[in-house]
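See below for entry-v2.txt, which holds compact mmCIF, C-alpha atoms.
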```
# COMPACT_ATOMS: atom_id res chain seq x y z
CA MET M 622 17.78 -18.48 -84.47
CA ILE M 623 14.00 -18.92 -84.40
CA GLU M 624 12.01 -16.36 -86.35
CA PHE M 625 8.29 -15.67 -86.51
CA ARG M 626 7.98 -13.62 -89.70
CA GLN M 627 4.87 -11.54 -90.38
CA ILE M 628 2.49 -14.14 -88.91
CA SER M 629 -1.18 -13.42 -89.64
CA HIS M 630 -4.10 -15.71 -88.92
CA ARG M 631 -7.87 -16.00 -89.21
CA TYR M 632 -10.09 -18.83 -87.99
CA PRO M 633 -10.21 -21.80 -90.39
CA GLY M 634 -12.93 -21.61 -93.02
CA SER M 635 -13.50 -17.95 -92.20
CA ALA M 636 -12.94 -15.31 -94.83
CA GLY M 637 -13.53 -12.72 -92.14
CA ASP M 638 -11.27 -10.56 -90.06
CA LEU M 639 -7.77 -11.50 -89.02
CA ILE M 640 -7.21 -12.47 -85.40
CA LEU M 641 -3.43 -12.09 -85.62
CA ARG M 642 -1.78 -9.49 -87.87
CA GLU M 643 1.81 -9.46 -89.04
CA ILE M 644 3.47 -10.59 -85.83
CA SER M 645 7.22 -10.75 -86.13
CA PHE M 646 9.87 -11.53 -83.55
CA SER M 647 12.93 -13.69 -83.19
CA ILE M 648 14.44 -15.74 -80.38
CA ALA M 649 18.17 -16.22 -79.99
CA PRO M 650 19.61 -19.63 -79.01
CA GLY M 651 19.49 -20.12 -75.24
CA GLU M 652 17.06 -17.25 -74.74
CA CYS M 653 13.78 -17.46 -72.83
CA VAL M 654 11.15 -15.14 -74.25
CA GLY M 655 7.86 -14.54 -72.46
CA LEU M 656 4.79 -14.06 -74.67
CA THR M 657 2.01 -12.31 -72.78
CA GLY M 658 -1.33 -10.70 -73.52
CA PRO M 659 -4.95 -10.72 -72.45
CA SER M 660 -7.07 -13.88 -72.62
CA GLY M 661 -8.24 -14.70 -76.13
CA CYS M 662 -5.63 -12.54 -77.86
CA GLY M 663 -4.18 -15.53 -79.74
CA LYS M 664 -1.15 -16.54 -77.65
CA SER M 665 -1.92 -20.26 -77.86
CA THR M 666 -2.79 -19.97 -81.54
CA LEU M 667 0.64 -18.44 -82.08
CA ALA M 668 2.19 -21.33 -80.11
CA HIS M 669 0.44 -23.88 -82.34
CA ILE M 670 1.52 -21.98 -85.46
CA GLY M 671 5.08 -22.07 -84.12
CA ALA M 672 4.84 -25.84 -83.61
CA GLY M 673 3.44 -26.32 -87.13
CA HIS M 674 0.07 -27.61 -85.91
CA ILE M 675 -1.83 -24.70 -87.46
CA THR M 676 -1.29 -23.20 -90.90
CA PRO M 677 -1.24 -19.41 -90.63
CA ALA M 678 -3.10 -17.20 -93.10
CA GLY M 679 0.23 -15.55 -93.79
CA GLY M 680 3.84 -15.44 -92.68
CA GLN M 681 6.52 -17.98 -91.88
CA VAL M 682 8.13 -19.79 -88.97
CA VAL M 683 11.82 -20.15 -89.73
CA VAL M 684 14.22 -22.22 -87.64
CA ASP M 685 17.91 -21.80 -88.44
CA GLY M 686 17.02 -20.61 -91.93
CA VAL M 687 14.64 -23.51 -92.65
CA ASP M 688 10.96 -22.70 -93.26
CA LEU M 689 8.98 -24.95 -90.89
CA THR M 690 5.59 -23.27 -91.38
CA SER M 691 2.80 -25.91 -91.15
CA ARG M 692 5.41 -28.64 -90.69
CA PRO M 693 5.28 -30.25 -87.24
CA SER M 694 8.75 -31.46 -86.43
CA ARG M 695 11.13 -32.23 -83.61
CA GLN M 696 12.62 -28.75 -84.09
CA VAL M 697 9.80 -27.02 -82.18
CA PHE M 698 8.11 -28.86 -79.31
CA LEU M 699 5.05 -27.63 -77.46
CA ILE M 700 4.03 -28.43 -73.88
CA HIS M 701 0.42 -27.58 -73.06
CA GLN M 702 -1.15 -26.52 -69.79
CA GLU M 703 -2.44 -30.09 -69.48
CA PRO M 704 0.52 -32.22 -70.60
CA ASP M 705 -0.42 -34.41 -73.55
CA LEU M 706 1.32 -37.53 -72.27
CA PHE M 707 0.52 -40.89 -73.86
CA PRO M 708 -1.54 -42.59 -71.14
CA TRP M 709 -0.50 -46.12 -72.18
CA GLN M 710 3.23 -45.45 -71.81
CA LYS M 711 5.07 -45.72 -68.51
CA VAL M 712 7.28 -42.82 -67.41
CA LYS M 713 10.53 -44.23 -68.81
CA LYS M 714 8.82 -45.26 -72.07
CA GLN M 715 7.49 -41.72 -72.59
CA VAL M 716 11.03 -40.35 -72.54
CA ALA M 717 12.54 -43.21 -74.57
CA PHE M 718 9.78 -42.94 -77.19
CA ALA M 719 10.43 -39.21 -77.59
CA MET M 720 14.12 -39.93 -78.21
CA GLY M 721 13.29 -42.19 -81.12
CA GLN M 722 16.17 -44.53 -80.33
CA ALA M 723 16.39 -46.12 -76.90
CA GLU M 724 19.26 -44.71 -74.84
CA PRO M 725 18.71 -46.09 -71.32
CA GLY M 726 21.47 -43.97 -69.81
CA ARG M 727 20.06 -40.74 -71.19
CA VAL M 728 16.51 -41.67 -70.16
CA ALA M 729 17.71 -42.19 -66.58
CA ALA M 730 19.65 -38.91 -66.67
CA LEU M 731 16.64 -36.93 -67.90
CA LEU M 732 14.35 -38.49 -65.30
CA ALA M 733 16.90 -37.62 -62.63
CA LEU M 734 17.04 -34.07 -63.99
CA VAL M 735 13.29 -33.63 -63.47
CA LYS M 736 13.34 -35.54 -60.14
CA LEU M 737 11.36 -38.51 -61.40
CA SER M 738 13.90 -41.21 -60.60
CA GLY M 739 12.08 -44.04 -58.87
CA PHE M 740 8.89 -43.44 -60.85
CA GLU M 741 10.08 -45.10 -64.07
CA ASP M 742 7.35 -47.74 -64.05
CA TYR M 743 4.44 -45.45 -63.21
CA TYR M 744 1.71 -44.59 -65.69
CA PRO M 745 0.83 -40.87 -66.14
CA ARG M 746 -2.46 -41.46 -64.36
CA GLN M 747 -0.56 -42.45 -61.25
CA LEU M 748 1.40 -39.16 -61.14
CA SER M 749 0.46 -35.85 -59.52
CA GLY M 750 -0.14 -32.71 -61.60
CA GLY M 751 3.36 -31.36 -60.92
CA MET M 752 4.99 -34.70 -61.73
CA LYS M 753 3.12 -34.86 -65.02
CA LYS M 754 4.44 -31.43 -65.95
CA ARG M 755 7.99 -32.49 -65.05
CA LEU M 756 7.57 -35.64 -67.13
CA ALA M 757 6.34 -33.56 -70.07
CA LEU M 758 9.46 -31.43 -69.65
CA ALA M 759 11.73 -34.49 -69.59
CA ARG M 760 10.05 -35.79 -72.72
CA ALA M 761 10.47 -32.45 -74.46
CA LEU M 762 14.16 -32.35 -73.49
CA ALA M 763 14.52 -35.90 -74.84
CA VAL M 764 13.37 -34.55 -78.20
CA ASN M 765 16.09 -31.89 -77.90
CA PRO M 766 14.15 -29.28 -79.90
CA ARG M 767 15.60 -26.01 -81.18
CA LEU M 768 12.64 -24.25 -79.50
CA LEU M 769 10.63 -25.41 -76.52
CA VAL M 770 7.22 -23.74 -76.27
CA LEU M 771 5.63 -23.75 -72.81
CA ASP M 772 1.96 -22.83 -73.22
CA GLU M 773 0.61 -21.80 -69.79
CA SER M 774 2.56 -24.74 -68.41
CA PHE M 775 2.70 -23.32 -64.88
CA SER M 776 -0.94 -22.35 -64.55
CA SER M 777 -3.24 -24.49 -62.41
CA LEU M 778 -0.39 -25.18 -59.99
CA ASP M 779 -0.34 -23.95 -56.41
CA SER M 780 2.33 -21.39 -55.46
CA ASN M 781 4.70 -23.82 -53.74
CA LEU M 782 4.68 -26.22 -56.65
CA LYS M 783 5.06 -23.35 -59.09
CA TYR M 784 8.20 -22.05 -57.34
CA GLU M 785 9.57 -25.57 -57.17
CA LEU M 786 9.06 -25.90 -60.92
CA TYR M 787 10.70 -22.50 -61.52
CA GLU M 788 13.76 -23.79 -59.68
CA ASP M 789 13.70 -27.01 -61.65
CA LEU M 790 13.37 -25.17 -64.94
CA ARG M 791 16.18 -22.74 -64.12
CA ARG M 792 18.43 -25.64 -63.19
CA ILE M 793 17.48 -27.57 -66.32
CA TRP M 794 18.02 -24.47 -68.39
CA ARG M 795 21.54 -24.03 -67.02
CA GLU M 796 22.34 -27.64 -67.88
CA THR M 797 20.71 -27.83 -71.32
CA ALA M 798 20.80 -24.21 -72.61
CA ALA M 799 17.32 -24.74 -74.07
CA THR M 800 15.64 -21.99 -76.09
CA ILE M 801 12.21 -21.30 -74.67
CA LEU M 802 9.06 -19.44 -75.69
CA LEU M 803 7.08 -19.05 -72.48
CA ILE M 804 3.41 -18.27 -72.98
CA THR M 805 1.84 -16.95 -69.82
CA HIS M 806 -0.51 -14.47 -68.26
CA ASP M 807 1.30 -14.61 -64.91
CA SER M 808 3.88 -11.89 -64.25
CA ARG M 809 5.66 -14.21 -61.78
CA ASP M 810 6.51 -16.58 -64.64
CA LEU M 811 8.19 -13.69 -66.45
CA GLU M 812 10.05 -12.42 -63.40
CA ASN M 813 11.40 -15.84 -62.62
CA LEU M 814 12.26 -17.10 -66.04
CA ALA M 815 12.15 -14.75 -69.01
CA HIS M 816 14.90 -12.60 -70.52
CA ARG M 817 12.47 -10.63 -72.62
CA GLU M 818 8.74 -10.01 -72.74
CA ILE M 819 6.70 -9.71 -75.93
CA ARG M 820 3.29 -8.33 -75.07
CA LEU M 821 0.41 -8.76 -77.50
CA SER M 822 -2.33 -6.15 -77.84
CA ALA M 823 -5.91 -6.49 -76.61
CA ASP M 824 -7.46 -5.02 -79.76
CA LYS M 825 -8.39 -7.11 -82.81
CA PRO M 826 -6.57 -8.12 -84.85
CA THR M 827 -3.85 -8.78 -82.32
CA THR M 828 -0.48 -7.17 -82.93
CA ILE M 829 2.65 -6.78 -80.84
CA LYS M 830 2.04 -4.03 -78.27
CA GLU M 831 5.54 -3.83 -76.83
CA ILE M 832 8.79 -5.72 -76.42
CA ARG M 833 10.52 -5.30 -73.05
CA GLN M 834 13.96 -6.48 -71.92
CA LEU M 835 13.76 -8.08 -68.47
CA LYS M 836 17.30 -9.35 -67.81
CA MET V 874 -34.13 -83.42 -62.71
CA LEU V 875 -30.50 -84.21 -63.51
CA GLU V 876 -30.67 -88.04 -63.47
CA ASN V 877 -30.79 -88.08 -67.31
CA LEU V 878 -27.94 -85.60 -67.70
CA ASP V 879 -24.84 -86.95 -69.46
CA TYR V 880 -22.14 -84.77 -67.92
CA THR V 881 -19.52 -85.75 -70.48
CA ALA V 882 -21.78 -84.93 -73.43
CA ALA V 883 -22.76 -81.62 -71.81
CA GLY V 884 -19.08 -80.75 -71.28
CA VAL V 885 -18.22 -81.68 -74.87
CA ASN V 886 -21.10 -79.56 -76.17
CA CYS V 887 -19.88 -76.59 -74.10
CA LEU V 888 -16.38 -77.02 -75.52
CA TYR V 889 -17.69 -77.21 -79.09
CA SER V 890 -19.68 -74.00 -78.65
CA LEU V 891 -16.78 -72.24 -76.92
CA SER V 892 -14.27 -73.26 -79.60
CA ARG V 893 -16.57 -71.87 -82.32
CA VAL V 894 -16.96 -68.59 -80.46
CA GLY V 895 -13.21 -68.41 -79.94
CA ALA V 896 -12.45 -68.92 -83.62
CA GLY V 897 -15.17 -66.54 -84.82
CA VAL V 898 -14.27 -63.78 -82.35
CA VAL V 899 -10.55 -63.97 -83.21
CA MET V 900 -11.44 -63.59 -86.89
CA ALA V 901 -13.77 -60.70 -86.04
CA LEU V 902 -11.07 -59.05 -83.93
CA VAL V 903 -8.48 -59.15 -86.70
CA VAL V 904 -10.88 -57.97 -89.43
CA GLY V 905 -12.86 -55.50 -87.26
CA VAL V 906 -9.79 -53.73 -85.86
CA ALA V 907 -8.07 -53.59 -89.26
CA LEU V 908 -11.20 -52.21 -90.96
CA GLY V 909 -11.91 -49.74 -88.14
CA LEU V 910 -8.37 -48.35 -88.17
CA GLY V 911 -8.36 -48.33 -91.97
CA ARG V 912 -11.61 -46.37 -92.08
CA SER V 913 -10.18 -43.82 -89.65
CA LYS V 914 -7.32 -43.19 -92.08
CA LEU V 915 -9.63 -42.31 -94.97
CA PRO V 916 -9.50 -38.70 -96.11
CA PRO V 917 -12.18 -36.49 -94.46
CA TRP V 918 -14.21 -36.09 -97.67
CA LEU V 919 -14.48 -39.87 -98.02
CA LYS V 920 -15.45 -40.28 -94.35
CA ARG V 921 -18.31 -37.86 -94.95
CA ASN V 922 -19.45 -39.68 -98.11
CA ARG V 923 -23.01 -40.88 -97.44
CA LEU V 924 -22.88 -43.79 -99.88
CA LEU V 925 -19.73 -45.19 -98.26
CA LYS V 926 -21.26 -44.69 -94.83
CA PHE V 927 -24.36 -46.59 -95.94
CA LEU V 928 -22.28 -49.41 -97.43
CA LEU V 929 -20.29 -49.75 -94.21
CA GLU V 930 -23.13 -49.33 -91.74
CA ALA V 931 -26.11 -51.08 -93.35
CA PRO V 932 -24.74 -54.67 -93.30
CA LYS V 933 -24.65 -54.65 -89.50
CA PHE V 934 -28.42 -54.30 -89.13
CA PRO V 935 -29.61 -57.77 -90.31
CA PRO V 936 -29.19 -60.00 -87.22
CA PRO V 937 -26.61 -62.81 -87.46
CA ILE V 938 -29.40 -65.42 -87.44
CA ALA V 939 -30.72 -63.98 -90.73
CA TRP V 940 -27.35 -64.76 -92.33
CA ILE V 941 -27.53 -68.46 -91.43
CA PRO V 942 -29.43 -69.59 -94.60
CA PHE V 943 -26.98 -67.68 -96.81
CA VAL V 944 -23.97 -69.11 -95.01
CA ILE V 945 -25.38 -72.64 -95.40
CA ILE V 946 -25.94 -72.05 -99.13
CA TRP V 947 -22.47 -70.56 -99.63
CA LEU V 948 -20.38 -72.69 -97.27
CA GLY V 949 -22.55 -75.71 -96.38
CA ILE V 950 -22.97 -77.11 -92.89
CA GLY V 951 -19.79 -77.42 -90.87
CA GLU V 952 -17.35 -75.86 -88.46
CA PHE V 953 -16.30 -73.07 -90.77
CA SER V 954 -19.92 -72.01 -91.29
CA ALA V 955 -20.38 -71.77 -87.51
CA TRP V 956 -17.24 -69.63 -87.26
CA ILE V 957 -18.57 -67.33 -89.96
CA ILE V 958 -21.91 -66.90 -88.14
CA VAL V 959 -20.01 -65.93 -84.96
CA PHE V 960 -17.78 -63.67 -87.04
CA ILE V 961 -20.84 -61.89 -88.49
CA GLY V 962 -22.23 -61.36 -85.00
CA ALA V 963 -18.98 -60.09 -83.48
CA VAL V 964 -17.36 -58.07 -86.25
CA SER V 965 -19.79 -55.12 -86.36
CA PRO V 966 -19.40 -53.94 -82.75
CA ILE V 967 -15.62 -54.39 -82.93
CA PHE V 968 -15.38 -52.53 -86.24
CA THR V 969 -17.63 -49.69 -85.04
CA SER V 970 -15.93 -49.27 -81.68
CA THR V 971 -12.47 -49.36 -83.26
CA TYR V 972 -13.42 -46.65 -85.75
CA GLU V 973 -15.08 -44.49 -83.10
CA GLY V 974 -12.16 -45.01 -80.71
CA ALA V 975 -9.69 -43.98 -83.42
CA GLU V 976 -11.75 -40.92 -84.31
CA ALA V 977 -11.94 -39.90 -80.64
CA VAL V 978 -8.16 -39.64 -80.18
CA SER V 979 -7.59 -36.10 -78.92
CA PRO V 980 -6.06 -33.47 -81.20
CA ALA V 981 -3.45 -32.83 -78.48
CA LEU V 982 -2.17 -36.42 -78.70
CA ARG V 983 -2.28 -36.31 -82.49
CA ASN V 984 -0.30 -33.05 -82.53
CA CYS V 985 2.21 -34.45 -80.06
CA ALA V 986 2.74 -37.50 -82.29
CA ARG V 987 3.16 -35.25 -85.33
CA SER V 988 5.76 -33.19 -83.47
CA LEU V 989 7.57 -36.41 -82.58
CA GLU V 990 7.50 -37.20 -86.32
CA VAL V 991 5.59 -40.46 -85.78
CA ARG V 992 4.01 -41.09 -89.18
CA GLY V 993 2.37 -43.65 -91.46
CA PHE V 994 1.95 -47.20 -90.17
CA HIS V 995 3.85 -46.38 -86.95
CA TYR V 996 1.36 -43.59 -86.22
CA LEU V 997 -1.53 -46.03 -86.62
CA LEU V 998 0.12 -48.80 -84.62
CA ARG V 999 1.82 -46.83 -81.83
CA ILE V 1000 -0.54 -43.89 -81.30
CA ILE V 1001 -4.03 -44.46 -82.71
CA PHE V 1002 -4.34 -48.17 -81.86
CA PRO V 1003 -3.33 -47.94 -78.17
CA ALA V 1004 -5.34 -44.74 -77.72
CA ALA V 1005 -8.41 -46.49 -79.15
CA LEU V 1006 -7.91 -49.69 -77.12
CA PRO V 1007 -10.37 -48.85 -74.31
CA GLN V 1008 -13.15 -48.40 -76.87
CA ILE V 1009 -12.00 -51.44 -78.84
CA PHE V 1010 -12.47 -53.46 -75.66
CA THR V 1011 -16.02 -52.16 -75.33
CA GLY V 1012 -16.63 -53.53 -78.83
CA VAL V 1013 -14.95 -56.83 -77.93
CA ARG V 1014 -17.22 -57.25 -74.89
CA VAL V 1015 -20.31 -56.68 -77.04
CA GLY V 1016 -18.83 -58.78 -79.85
CA VAL V 1017 -18.17 -61.76 -77.59
CA SER V 1018 -21.74 -61.62 -76.26
CA MET V 1019 -23.12 -61.32 -79.80
CA GLY V 1020 -20.86 -64.16 -80.94
CA TRP V 1021 -22.05 -66.39 -78.11
CA MET V 1022 -25.72 -65.71 -78.93
CA SER V 1023 -25.03 -66.25 -82.62
CA VAL V 1024 -23.30 -69.61 -82.20
CA ILE V 1025 -26.19 -70.97 -80.13
CA ALA V 1026 -28.63 -69.87 -82.84
CA ALA V 1027 -26.44 -71.37 -85.57
CA GLU V 1028 -26.13 -74.68 -83.74
CA MET V 1029 -29.89 -74.81 -83.20
CA ILE V 1030 -30.52 -74.46 -86.92
CA SER V 1031 -27.66 -76.30 -88.55
CA GLY V 1032 -25.41 -77.73 -85.86
CA GLN V 1033 -24.31 -81.29 -85.23
CA SER V 1034 -22.82 -80.53 -81.83
CA GLY V 1035 -22.76 -77.75 -79.26
CA LEU V 1036 -25.23 -76.35 -76.75
CA GLY V 1037 -27.64 -75.02 -79.41
CA TYR V 1038 -27.73 -78.46 -81.04
CA SER V 1039 -28.29 -80.04 -77.62
CA ILE V 1040 -31.34 -77.83 -77.00
CA GLN V 1041 -32.83 -78.89 -80.32
CA MET V 1042 -32.20 -82.60 -79.65
CA ASN V 1043 -33.65 -82.34 -76.15
CA ARG V 1044 -36.70 -80.55 -77.55
CA LEU V 1045 -37.24 -83.31 -80.12
CA ASN V 1046 -36.87 -85.92 -77.37
CA MET V 1047 -39.18 -83.87 -75.12
CA GLN V 1048 -36.53 -83.76 -72.39
CA TYR V 1049 -37.50 -80.35 -71.07
CA ASP V 1050 -35.39 -80.74 -67.92
CA LEU V 1051 -32.24 -81.12 -70.05
CA MET V 1052 -33.30 -78.18 -72.22
CA THR V 1053 -33.39 -76.15 -69.02
CA VAL V 1054 -29.91 -77.37 -68.10
CA ASP V 1055 -28.69 -76.22 -71.54
CA MET V 1056 -30.27 -72.82 -71.02
CA VAL V 1057 -28.62 -72.45 -67.62
CA LEU V 1058 -25.25 -73.46 -69.07
CA ILE V 1059 -25.65 -70.93 -71.90
CA GLY V 1060 -26.35 -68.22 -69.32
CA ILE V 1061 -23.44 -69.17 -67.06
CA ILE V 1062 -20.93 -69.45 -69.90
CA GLY V 1063 -22.14 -66.19 -71.47
CA PHE V 1064 -21.61 -64.44 -68.14
CA LEU V 1065 -18.17 -66.01 -67.68
CA LEU V 1066 -17.14 -64.96 -71.21
CA HIS V 1067 -18.15 -61.40 -70.39
CA GLU V 1068 -16.20 -61.49 -67.14
CA ALA V 1069 -13.20 -62.98 -68.96
CA THR V 1070 -13.10 -60.02 -71.37
CA VAL V 1071 -13.26 -57.61 -68.41
CA LEU V 1072 -10.37 -59.49 -66.78
CA LEU V 1073 -8.42 -59.40 -70.04
CA GLN V 1074 -9.02 -55.66 -70.26
CA ARG V 1075 -7.60 -55.20 -66.77
CA GLN V 1076 -4.51 -57.17 -67.77
CA ILE V 1077 -3.96 -55.37 -71.07
CA LEU V 1078 -5.00 -51.84 -70.08
CA PRO V 1079 -3.68 -51.24 -66.56
CA TRP V 1080 -3.12 -47.60 -67.56
CA HIS V 1081 -6.73 -46.89 -68.37
CA GLU V 1082 -8.67 -44.72 -65.96
CA GLY V 1083 -11.71 -46.98 -65.73
CA THR V 1084 -9.55 -50.09 -65.50
CA LEU V 1085 -7.34 -48.76 -62.73
CA SER V 1086 -10.20 -47.59 -60.58
```
Represent the structure contained in this file as structure tokens.
Amino acid sequence: MIEFRQISHRYPGSAGDLILREISFSIAPGECVGLTGPSGCGKSTLAHIGAGHITPAGGQVVVDGVDLTSRPSRQVFLIHQEPDLFPWQKVKKQVAFAMGQAEPGRVAALLALVKLSGFEDYYPRQLSGGMKKRLALARALAVNPRLLVLDESFSSLDSNLKYELYEDLRRIWRETAATILLITHDSRDLENLAHREIRLSADKPTTIKEIRQLK
Amino acid sequence: MLENLDYTAAGVNCLYSLSRVGAGVVMALVVGVALGLGRSKLPPWLKRNRLLKFLLEAPKFPPPIAWIPFVIIWLGIGEFSAWIIVFIGAVSPIFTSTYEGAEAVSPALRNCARSLEVRGFHYLLRIIFPAALPQIFTGVRVGVSMGWMSVIAAEMISGQSGLGYSIQMNRLNMQYDLMTVDMVLIGIIGFLLHEATVLLQRQILPWHEGTLS
């Protein structure tokens, strides 16, 4: 179980107003939760807090009973809108590096899962936008995190590619039973992927406006 | 013009100068990269310290030629002194570009590495160093050029071989045609050294945007 407990946040160095106030929710294993809200409401900030990259002003991120607040770890892995691939590593190296220990068979299986077989020796720069996103997904699955956070990962893609990636993600999900926090402003992402929607408010500080069951 | 040119002696002088540049640049590469990466690992308050910044930045402003008298006093005249002069010329750009390259690594890559639990020396070696390599190469290109200029100056003042020494000897013998040949050789070799570093960059950084294009 992944729990966001009473998360509050203000900009670093600012003693001013909170931008997030006491946001609490939990995600069950194998669940895909959509986190939505207007631009600038703090969705990405919440994603970074979840991944331990940002220290919140208050609250905790707890994974299976362990407090991982401000502690980046392999338990929670974040994929950005623009995948942060290491440009000097070839496709197969990206996945192997994320595993920690080289397992050639598993690398090949993950690349096949995201339809990147045959591109093992390409550098990220040589891949299309959709392929980069699929590689980022393979790398995240190689980490095998308890929670995979997709931060606007499907934005900036054209509709065809987006639906192709939905299919890929659904298939991958069936095979890996990954737990996903899907941050999006696109209702199609929710319809296609999420079990539950957590909508953040537009007013400041941001709070949870509503939680809606989708499937 | 070239009837007095001793091709063998000219070739030997080129090799002497090149070997000194090679040795000095390798030393500068090892020290400059290590210092640049080390500086990037300092805590933020120490990076902002003005005294430390002054101590690290000020020594690069005296030109390498100004160090020659000191090097002669400290180390005498010889091969090692020539290496040190090249080292002084090359180390500053390599050190500066390494530090700036390391500092420019994006927060997204840093966060990704932290999430992958890459820490300590591995973080420096496997994330920061390769990410900074394109900028390190910029420093190497400048460093090699500076090293080449420095070794010629050093040989002119205190050398017993090399192209700089050859210019001085030809000046004393009033062989201005051979001085011109030396100047042309210095220009050609300097250009080839620059091109060699570009070629090396293409070999080592095939993934880099500028390199691939």
Given 4 Å of margin on each side, can you work out the centre and size in Å (one decimal) of an axis-aligned box holding every listed atom of segment 724-741 of chain M, as lines of an AutoDock Vina configuration file?
```
center_x = 15.2
center_y = -39.9
center_z = -66.9
size_x = 20.6
size_y = 20.5
size_z = 24.0
```
Chain M residues within 12 Å of chain V, counting only C-alpha atoms: which ones, as number ranges by chain? M: 669-675, 689, 691-712, 715-721, 742-748, 757, 760-766, 768-770
For Thr690 of chain M, which residue among M:Ile623, M:Cys662, M:Ala729, M:Ala649 is the nearest when counting all atoms listed in the file?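 Looking at the shortest contact to Thr690 of chain M, the residue is M:Ile623.
Atom CA of Ala1069 of chain V lies 14.1 Å from atom CA of Gly1012 of chain V.
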In terms of the shortest atom-to-atom distance over only C-alpha atoms, which of M:Leu821, M:Arg767, M:Ala730, M:Val735 is closest to Lys753 of chain M?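 The closest residue to Lys753 of chain M is M:Val735.
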Extract, using all atoms listed in the file, all DNA, RNA and protein residues at most 10 Å from segment 1039-1055 of chain V, discarding same-chain residues fewer than 5 positions from it, and format them as a list in words.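 My reading of the contact set: Met874, Leu875, Glu876, Asn877, Leu878, Asp879, Ala882, Ala883, Asn886, Cys887, Ile1025, Glu1028, Met1029, Ile1030, Gly1032, Gln1033, Ser1034, Gly1060 and Ile1061 of chain V.
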I'd like the neighbourhood of Gln627 of chain M as a compact mmCIF listing (two decimals) with C-alpha atoms, in the coordinates of the input, where a residue qualifies if any of its atoms comes within 10 Å (using all atoms listed in the file), though same-chain residues fewer than 4 positions away should be ignored.
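And here is the file that came out, around.txt:
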```
# COMPACT_ATOMS: atom_id res chain seq x y z
CA LEU M 641 -3.43 -12.09 -85.62
CA ARG M 642 -1.78 -9.49 -87.87
CA GLU M 643 1.81 -9.46 -89.04
CA ILE M 644 3.47 -10.59 -85.83
CA SER M 645 7.22 -10.75 -86.13
CA PHE M 646 9.87 -11.53 -83.55
CA PRO M 677 -1.24 -19.41 -90.63
CA GLY M 679 0.23 -15.55 -93.79
CA GLY M 680 3.84 -15.44 -92.68
CA GLN M 681 6.52 -17.98 -91.88
CA VAL M 682 8.13 -19.79 -88.97
```
Neighbours of segment 940-954 of chain V within 8 Å (all atoms listed in the file; same-chain residues fewer than 6 positions away dropped), as a PDB file with C-alpha atoms, in the coordinates of the input?
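The new file around.pdb reads:
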```pdb
ATOM      1  CA  ARG V 893     -16.570 -71.870 -82.320  1.00  0.00           C
ATOM      2  CA  ALA V1027     -26.440 -71.370 -85.570  1.00  0.00           C
ATOM      3  CA  SER V1031     -27.660 -76.300 -88.550  1.00  0.00           C
ATOM      4  CA  GLY V1032     -25.410 -77.730 -85.860  1.00  0.00           C
TER       5      GLY V1032
END
```
How many Å lie between atom CA of Val978 of chain V and atom CA of Val1013 of chain V, rounded to one decimal?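 Atom-to-atom, atom CA of Val978 of chain V to atom CA of Val1013 of chain V, that is 18.6 Å.
Among M:Ala678, M:Leu790, M:Leu731, M:Leu835, the residue with the shortest atom-to-atom distance to Phe775 of chain M, counting all atoms listed in the file, is M:Leu790.
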Report as a PyMOL selection string all protein, DNA and RNA residues lying within 8 Å of Gln1008 of chain V, evaluated on only C-alpha atoms, omitting residues in the same chain fewer than 4 positions from it. chain V and resi 970-971+973-974+1012
Restricting it to C-alpha atoms, dump the selection as a CSV table (one decimal), in the frame of the given file.
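And here is the file that came out, out-v8.csv:
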```csv
chain,number,residue,atom,x,y,z
V,970,SER,CA,-15.9,-49.3,-81.7
V,971,THR,CA,-12.5,-49.4,-83.3
V,973,GLU,CA,-15.1,-44.5,-83.1
V,974,GLY,CA,-12.2,-45.0,-80.7
V,1012,GLY,CA,-16.6,-53.5,-78.8
```
In Å, how far is it from atom CA of Ala799 of chain M to atom CA of Gly655 of chain M? 14.0 Å
